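Below is one structure; the comments refer to it alone.
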Amino acid sequence: MTLSRRGLFVGGATVGGAVLLGAPETAAAAPQLWAQPGSLGAPPVSGLHLQFGADASRQAVVSWHTTTAVSRPRVLLGTPEGGFGHVVSADTSTYRDAKSGTEVRVHHALLDNLRPGTDYIYAAVHDGAAPELGTLRTAPRGRAPFRFTSFGDQGTPTLGKLSNGTYVNDNLGSPYAGDVTAAVEGAAPLFHLVNGDLCYANLSTDRIRTWSDWFDNNTRSARFRPWMPAAGNHENELGNGPVGYGAYQTYFTVPDSGADAELRGLWYAFTAGSVRVISLNNDDVAYQDGGNSYVHGYSGGAQQRWLEAELAASRSDPDIDWIVVCMHQVVISTVDKFNGADLGIRETWVPLFDRYGVDLVVSGHEHHYERSHPIRGQQPNDTRTPIPADTRTDVIDTTRGTVHMVIGGGGTSVPSNKLFYSPAQCRVITAVGPTDPGTGKKPPIYVLEDAPWSAVRDPDHAYGFAAFDVDPGRPGGTTSIDVTYYAVTGPYATSTPVDRFRLTRPRRH
Ligand SMILES: [Fe+2]
Ligand SMILES: [Fe+2]
């Protein structure tokens, strides 16, 4: 065994940063693959991923994680033509997982003053580790065409737990959690919206392994384009952070919303072209007890006050045409025996979406695909049934109402596409009962409503993602977003379009 300058080298062939062990030093041992530590035992750059800043045309963040301390985490930044010309130091955020006691360190390099609509190359590195490479394209400035994509409820495609001699997935994942990532990368969006329930770490034996698996699976896309998340109920982990989102808040550096430090990163907004994207955390307002702990009302109204100010500012901004909300739990759902819609969201967010004319809501939580007609206003009943403003399904003028999409087929082992009510109805969680001592959860109280707002449902496919192609149109005319929902039906990113429609609205100028 010799210790080379690059790390531990054990008499085998080096293959892509790994060392293949074999004869003669290891004698009768079967060949095996070893991760090659860097010099001085430095951990590798793991889980490399991007986020946009508040102005996606100028700001981005490069992030990766380790479980041991590293020296001089930094990003080398440049352009394809000019090479790596700049060095940007990374700041390290930490959390200690309450279940394992392990501390996770996430290194975030904030890139600012970037040029709009420009391709960059970068390398993330810390002392003793091999640099990991990625690319970034900044958003266009002003009105320009671009694509974004979205899904929620992914899990991981990994078998990380050994149970009775068999390797199993213990975080609700399936092989499709890998296929959807390949499909999104194949669509090459400017950014991808992740509608909550990222990896279900709060269900797994080893939360940190599960988060690491999620980033390992997605870095093949998220290092080339920001995956911008919304926190779902399965990001709520007992004992992690003041509300339970300590892991989520540490892994991601999203645009600052001005929230108190303990709530930072749970809601935020950013601008790409003429689209304002607003990401919310619905556990604050939903009645359902869906996380590791019941945190309904945790922000004391702070998120709602921020949302109203954000919506007012966005709608009065002459450079913004579209307001897109990314959130987890849903306003609409027409499946039985799953979660259902939540009255809490209808009571708090929906009146604001109406007042400020939100165009589109992408959500998850239900593990299938469906969408609503444009909805505006609510019936004066116990569930505040949304009122469809129009029933045309191919071209939708979103000045008439907000279209809600449920895109929860990101890869879990428990799809809900076989559970649709026929005809469409909706179970609405209107309250919760007292904590059940057997489960430790507050049971939901359901009211069933008719669903005149239901537009399109896909009972045939469990998995998929949506692509959104923004066309800025011409001055004085209309702008549009062409939406395609693709079912992902197998490996190699096999995708089939199953729903297409167009959103339109007049340009601001
Ligand atoms: Fe989920
Ligand atoms: Fe969920």
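Going through the structure tokens in order, the chains are called A, B, and so on, while each chain numbers its residues from 1 and the ligands are numbered from 1 in the order shown.
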
Inset, instruction - Write down as a ChimeraX atom specification the residues belonging to segment 56-229 of chain A that are assigned alpha helix (DSSP H) by DSSP computed on the backbone. - result: /A:176-187,207-222

Same residues, N, CA and C atoms, saved as a PDB file, in the first residue's frame:
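What landed in again06.pdb:
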ATOM      1  N   TYR A 176     -38.317   4.899 -10.538  1.00  0.00           N
ATOM      2  CA  TYR A 176     -38.769   6.053 -11.323  1.00  0.00           C
ATOM      3  C   TYR A 176     -38.205   7.368 -10.774  1.00  0.00           C
ATOM      4  N   ALA A 177     -37.813   7.376  -9.508  1.00  0.00           N
ATOM      5  CA  ALA A 177     -37.199   8.592  -8.956  1.00  0.00           C
ATOM      6  C   ALA A 177     -35.896   8.923  -9.674  1.00  0.00           C
ATOM      7  N   GLY A 178     -35.295   7.913 -10.307  1.00  0.00           N
ATOM      8  CA  GLY A 178     -34.136   8.183 -11.149  1.00  0.00           C
ATOM      9  C   GLY A 178     -34.531   8.551 -12.564  1.00  0.00           C
ATOM     10  N   ASP A 179     -35.562   7.891 -13.077  1.00  0.00           N
ATOM     11  CA  ASP A 179     -35.982   8.134 -14.460  1.00  0.00           C
ATOM     12  C   ASP A 179     -36.468   9.571 -14.655  1.00  0.00           C
ATOM     13  N   VAL A 180     -37.193  10.109 -13.675  1.00  0.00           N
ATOM     14  CA  VAL A 180     -37.715  11.474 -13.843  1.00  0.00           C
ATOM     15  C   VAL A 180     -36.580  12.490 -13.879  1.00  0.00           C
ATOM     16  N   THR A 181     -35.509  12.216 -13.147  1.00  0.00           N
ATOM     17  CA  THR A 181     -34.362  13.126 -13.173  1.00  0.00           C
ATOM     18  C   THR A 181     -33.747  13.150 -14.572  1.00  0.00           C
ATOM     19  N   ALA A 182     -33.574  11.970 -15.153  1.00  0.00           N
ATOM     20  CA  ALA A 182     -33.039  11.911 -16.514  1.00  0.00           C
ATOM     21  C   ALA A 182     -33.969  12.630 -17.490  1.00  0.00           C
ATOM     22  N   ALA A 183     -35.274  12.494 -17.278  1.00  0.00           N
ATOM     23  CA  ALA A 183     -36.237  13.129 -18.179  1.00  0.00           C
ATOM     24  C   ALA A 183     -36.164  14.649 -18.071  1.00  0.00           C
ATOM     25  N   VAL A 184     -36.069  15.162 -16.849  1.00  0.00           N
ATOM     26  CA  VAL A 184     -35.954  16.616 -16.668  1.00  0.00           C
ATOM     27  C   VAL A 184     -34.675  17.124 -17.311  1.00  0.00           C
ATOM     28  N   GLU A 185     -33.581  16.420 -17.087  1.00  0.00           N
ATOM     29  CA  GLU A 185     -32.317  16.866 -17.675  1.00  0.00           C
ATOM     30  C   GLU A 185     -32.402  16.839 -19.204  1.00  0.00           C
ATOM     31  N   GLY A 186     -33.105  15.842 -19.739  1.00  0.00           N
ATOM     32  CA  GLY A 186     -33.285  15.782 -21.178  1.00  0.00           C
ATOM     33  C   GLY A 186     -34.086  16.955 -21.721  1.00  0.00           C
ATOM     34  N   ALA A 187     -34.983  17.493 -20.896  1.00  0.00           N
ATOM     35  CA  ALA A 187     -35.782  18.648 -21.318  1.00  0.00           C
ATOM     36  C   ALA A 187     -34.989  19.944 -21.226  1.00  0.00           C
ATOM     37  N   ARG A 207     -31.546   9.539   8.038  1.00  0.00           N
ATOM     38  CA  ARG A 207     -31.978  10.735   7.311  1.00  0.00           C
ATOM     39  C   ARG A 207     -30.851  11.303   6.444  1.00  0.00           C
ATOM     40  N   ILE A 208     -29.646  11.299   6.963  1.00  0.00           N
ATOM     41  CA  ILE A 208     -28.537  11.927   6.232  1.00  0.00           C
ATOM     42  C   ILE A 208     -28.189  11.124   4.993  1.00  0.00           C
ATOM     43  N   ARG A 209     -28.186   9.815   5.119  1.00  0.00           N
ATOM     44  CA  ARG A 209     -27.969   8.980   3.939  1.00  0.00           C
ATOM     45  C   ARG A 209     -29.041   9.258   2.887  1.00  0.00           C
ATOM     46  N   THR A 210     -30.274   9.455   3.327  1.00  0.00           N
ATOM     47  CA  THR A 210     -31.363   9.684   2.382  1.00  0.00           C
ATOM     48  C   THR A 210     -31.210  11.024   1.668  1.00  0.00           C
ATOM     49  N   TRP A 211     -30.880  12.068   2.417  1.00  0.00           N
ATOM     50  CA  TRP A 211     -30.618  13.361   1.756  1.00  0.00           C
ATOM     51  C   TRP A 211     -29.453  13.226   0.765  1.00  0.00           C
ATOM     52  N   SER A 212     -28.409  12.538   1.190  1.00  0.00           N
ATOM     53  CA  SER A 212     -27.244  12.376   0.328  1.00  0.00           C
ATOM     54  C   SER A 212     -27.621  11.594  -0.937  1.00  0.00           C
ATOM     55  N   ASP A 213     -28.440  10.553  -0.770  1.00  0.00           N
ATOM     56  CA  ASP A 213     -28.901   9.785  -1.939  1.00  0.00           C
ATOM     57  C   ASP A 213     -29.689  10.683  -2.900  1.00  0.00           C
ATOM     58  N   TRP A 214     -30.508  11.558  -2.331  1.00  0.00           N
ATOM     59  CA  TRP A 214     -31.334  12.435  -3.182  1.00  0.00           C
ATOM     60  C   TRP A 214     -30.448  13.363  -4.021  1.00  0.00           C
ATOM     61  N   PHE A 215     -29.463  13.954  -3.368  1.00  0.00           N
ATOM     62  CA  PHE A 215     -28.570  14.839  -4.125  1.00  0.00           C
ATOM     63  C   PHE A 215     -27.690  14.027  -5.090  1.00  0.00           C
ATOM     64  N   ASP A 216     -27.266  12.833  -4.681  1.00  0.00           N
ATOM     65  CA  ASP A 216     -26.465  11.996  -5.601  1.00  0.00           C
ATOM     66  C   ASP A 216     -27.256  11.681  -6.866  1.00  0.00           C
ATOM     67  N   ASN A 217     -28.553  11.425  -6.697  1.00  0.00           N
ATOM     68  CA  ASN A 217     -29.401  11.111  -7.855  1.00  0.00           C
ATOM     69  C   ASN A 217     -29.623  12.334  -8.739  1.00  0.00           C
ATOM     70  N   ASN A 218     -29.750  13.494  -8.120  1.00  0.00           N
ATOM     71  CA  ASN A 218     -30.178  14.673  -8.878  1.00  0.00           C
ATOM     72  C   ASN A 218     -29.050  15.594  -9.312  1.00  0.00           C
ATOM     73  N   THR A 219     -27.840  15.380  -8.791  1.00  0.00           N
ATOM     74  CA  THR A 219     -26.755  16.282  -9.162  1.00  0.00           C
ATOM     75  C   THR A 219     -26.474  16.231 -10.659  1.00  0.00           C
ATOM     76  N   ARG A 220     -26.809  15.131 -11.312  1.00  0.00           N
ATOM     77  CA  ARG A 220     -26.589  15.037 -12.768  1.00  0.00           C
ATOM     78  C   ARG A 220     -27.454  16.040 -13.531  1.00  0.00           C
ATOM     79  N   SER A 221     -28.473  16.616 -12.887  1.00  0.00           N
ATOM     80  CA  SER A 221     -29.230  17.715 -13.484  1.00  0.00           C
ATOM     81  C   SER A 221     -29.029  19.017 -12.692  1.00  0.00           C
ATOM     82  N   ALA A 222     -29.067  18.907 -11.352  1.00  0.00           N
ATOM     83  CA  ALA A 222     -29.082  20.103 -10.500  1.00  0.00           C
ATOM     84  C   ALA A 222     -27.745  20.840 -10.485  1.00  0.00           C
TER      85      ALA A 222
END

Inset, instruction - Write as JSON, numbers by chain the residues around ligand 1, taking 7 Å as the cut-off and counting only C-alpha atoms and all ligand atoms. - result: {"A": [153, 197, 364, 365, 366, 367, 408]}

Produce a file of the selected residues containing N, CA and C atoms, as a PDB file, in the first residue's frame.
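File produced: again_19.pdb:
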ATOM      1  N   ASP A 153     -42.639  15.228  -5.024  1.00  0.00           N
ATOM      2  CA  ASP A 153     -42.832  13.893  -4.465  1.00  0.00           C
ATOM      3  C   ASP A 153     -41.956  12.850  -5.159  1.00  0.00           C
ATOM      4  N   ASP A 197     -41.867  17.386  -0.740  1.00  0.00           N
ATOM      5  CA  ASP A 197     -41.616  15.957  -0.529  1.00  0.00           C
ATOM      6  C   ASP A 197     -40.456  15.525  -1.422  1.00  0.00           C
ATOM      7  N   GLY A 364     -47.885  19.348  -5.343  1.00  0.00           N
ATOM      8  CA  GLY A 364     -47.617  17.918  -5.324  1.00  0.00           C
ATOM      9  C   GLY A 364     -48.514  17.267  -4.274  1.00  0.00           C
ATOM     10  N   HIS A 365     -47.892  16.529  -3.342  1.00  0.00           N
ATOM     11  CA  HIS A 365     -48.571  15.934  -2.179  1.00  0.00           C
ATOM     12  C   HIS A 365     -49.472  14.781  -2.577  1.00  0.00           C
ATOM     13  N   GLU A 366     -50.277  14.950  -3.631  1.00  0.00           N
ATOM     14  CA  GLU A 366     -51.021  13.848  -4.221  1.00  0.00           C
ATOM     15  C   GLU A 366     -50.139  13.269  -5.320  1.00  0.00           C
ATOM     16  N   HIS A 367     -49.991  11.942  -5.377  1.00  0.00           N
ATOM     17  CA  HIS A 367     -48.958  11.333  -6.214  1.00  0.00           C
ATOM     18  C   HIS A 367     -49.487  10.941  -7.587  1.00  0.00           C
ATOM     19  N   GLY A 408     -47.518  15.325  -8.797  1.00  0.00           N
ATOM     20  CA  GLY A 408     -46.900  14.608  -7.677  1.00  0.00           C
ATOM     21  C   GLY A 408     -46.350  13.245  -8.046  1.00  0.00           C
TER      22      GLY A 408
END

Inset, instruction - Let me have all residues with an atom within 12 Å of ligand 2, counting only C-alpha atoms and all ligand atoms, laid out as a ChimeraX atom specification. - result: /A:152-155,172,195-200,202-203,230-236,281-283,286,288-292,327-330,338-342,363-368,406-410,412,414-415

Inset, instruction - Choose the residue, out of A:Ser163, A:Thr102, A:Ser150, A:Thr271, that has the smallest atom-to-atom separation from Thr138 of chain A; count only C-alpha atoms. - result: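 That would be A:Thr271, the residue with the smallest distance to Thr138 of chain A.
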
Inset, instruction - Please provide as a ChimeraX atom specification all residues within 7 Å of segment 70-84 of chain A, with the sequence filter that same-chain residues fewer than 5 positions apart are discarded (counting only C-alpha atoms). - result: /A:42,89-90,107,109,119-127

Can you write out the residues you just picked, keeping C-alpha atoms, as an mmCIF file, in the first residue's frame?
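Result file again05.cif:
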data_model
loop_
_atom_site.group_PDB
_atom_site.id
_atom_site.type_symbol
_atom_site.label_atom_id
_atom_site.label_comp_id
_atom_site.auth_asym_id
_atom_site.auth_seq_id
_atom_site.Cartn_x
_atom_site.Cartn_y
_atom_site.Cartn_z
ATOM 1 C CA ALA A 42 -10.481 15.224 2.532
ATOM 2 C CA SER A 89 -15.255 31.600 -1.441
ATOM 3 C CA ALA A 90 -18.061 29.451 -0.064
ATOM 4 C CA HIS A 107 -20.908 24.845 1.500
ATOM 5 C CA ALA A 109 -20.800 29.965 -2.843
ATOM 6 C CA ASP A 119 -23.446 30.326 -19.980
ATOM 7 C CA TYR A 120 -20.894 29.861 -17.214
ATOM 8 C CA ILE A 121 -18.632 26.993 -16.245
ATOM 9 C CA TYR A 122 -17.621 26.361 -12.666
ATOM 10 C CA ALA A 123 -15.739 23.962 -10.449
ATOM 11 C CA ALA A 124 -16.546 23.355 -6.776
ATOM 12 C CA VAL A 125 -13.589 22.321 -4.645
ATOM 13 C CA HIS A 126 -12.116 22.323 -1.149
ATOM 14 C CA ASP A 127 -8.539 21.547 -0.175
#

Inset, instruction - Have a look at A:Tyr245, A:Met228, A:Leu159, A:Tyr287 and name the one nearest to Lys442 of chain A; count only C-alpha atoms. - result: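 The answer is A:Tyr287, which sits nearest to Lys442 of chain A.
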
Legend entry - Contacts of Gly476 of chain A at 10 Å (only C-alpha atoms; same-chain gap of 4+ positions) as an NGL selection string: :A and (506-509)

Prev. selection, C-alpha atoms, output as an mmCIF file, in the first residue's frame:
data_model
loop_
_atom_site.group_PDB
_atom_site.id
_atom_site.type_symbol
_atom_site.label_atom_id
_atom_site.label_comp_id
_atom_site.auth_asym_id
_atom_site.auth_seq_id
_atom_site.Cartn_x
_atom_site.Cartn_y
_atom_site.Cartn_z
ATOM 1 C CA PRO A 506 -51.994 40.323 -22.089
ATOM 2 C CA ARG A 507 -48.477 41.666 -21.738
ATOM 3 C CA ARG A 508 -48.032 44.501 -19.277
ATOM 4 C CA HIS A 509 -46.430 46.529 -22.037
#

Inset, instruction - Would you mind telling me which residue in A:Pro229, A:Gly258, A:Gly344, A:Pro434 lies nearest to Val194 of chain A when using only C-alpha atoms? - result: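 Smallest separation from Val194 of chain A among the options: A:Pro229.
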
Inset, instruction - Between A:Val62, A:Ala201, A:Ala313, A:Ala129, single out the one closest to Ala247 of chain A, counting only C-alpha atoms. - result: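 Counting only C-alpha atoms, the residue closest to Ala247 of chain A is A:Ala201.
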
Legend entry - DSSP strand (DSSP E or B) residues within segment 163-238 of chain A, listed as a list in words: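 Restricting segment 163-238 of chain A to strand (DSSP E or B) produces Ser163, Thr166, Tyr167, Val168, Gly173, Phe191, His192, Leu193, Val194, Trp227, Met228 and Pro229 of chain A.
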
Inset, instruction - Could you please determine the separation between atom CA of Val331 of chain A and atom CA of Gln379 of chain A in Å, to one decimal place? - result: 13.8 Å

Legend entry - Neighbour list for Glu449 of chain A as a PyMOL selection string, cut-off 9 Å, only C-alpha atoms, skip fewer than 6 positions in-chain: chain A and resi 383+385+425-428

Inset, instruction - Take atom CA of Arg474 of chain A and atom CA of Arg505 of chain A and report the distance between them in Å, one decimal. - result: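 Computed distance, atom CA of Arg474 of chain A to atom CA of Arg505 of chain A, equals 11.9 Å.
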
Legend entry - Nearby residues (only C-alpha atoms) at most 8 Å from Gly357 of chain A, same-chain spacing under 6 positions excluded, as a VMD selection string: chain A and resid 315 323 398 to 399 401 to 402

Please provide as a tab-separated table (two decimals) with N, CA and C atoms, in the first residue's frame all residues within 7 Å of Trp322 of chain A, with the sequence filter that same-chain residues fewer than 3 positions apart are discarded (counting only C-alpha atoms).
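Dumped to around35.tsv:
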chain	number	residue	atom	x	y	z
A	274	SER	N	-39.91	37.47	-17.56
A	274	SER	CA	-41.10	38.19	-17.10
A	274	SER	C	-41.94	37.34	-16.15
A	275	VAL	N	-41.31	36.30	-15.55
A	275	VAL	CA	-42.01	35.39	-14.65
A	275	VAL	C	-41.52	35.61	-13.22
A	276	ARG	N	-42.44	35.84	-12.32
A	276	ARG	CA	-42.11	35.89	-10.90
A	276	ARG	C	-42.54	34.56	-10.30
A	359	ASP	N	-51.39	33.40	-11.83
A	359	ASP	CA	-51.71	32.69	-13.06
A	359	ASP	C	-51.72	31.18	-12.89

Legend entry - Point-to-point distance in Å for atom CA of Val243 of chain A and atom CA of Leu263 of chain A: 7.9 Å
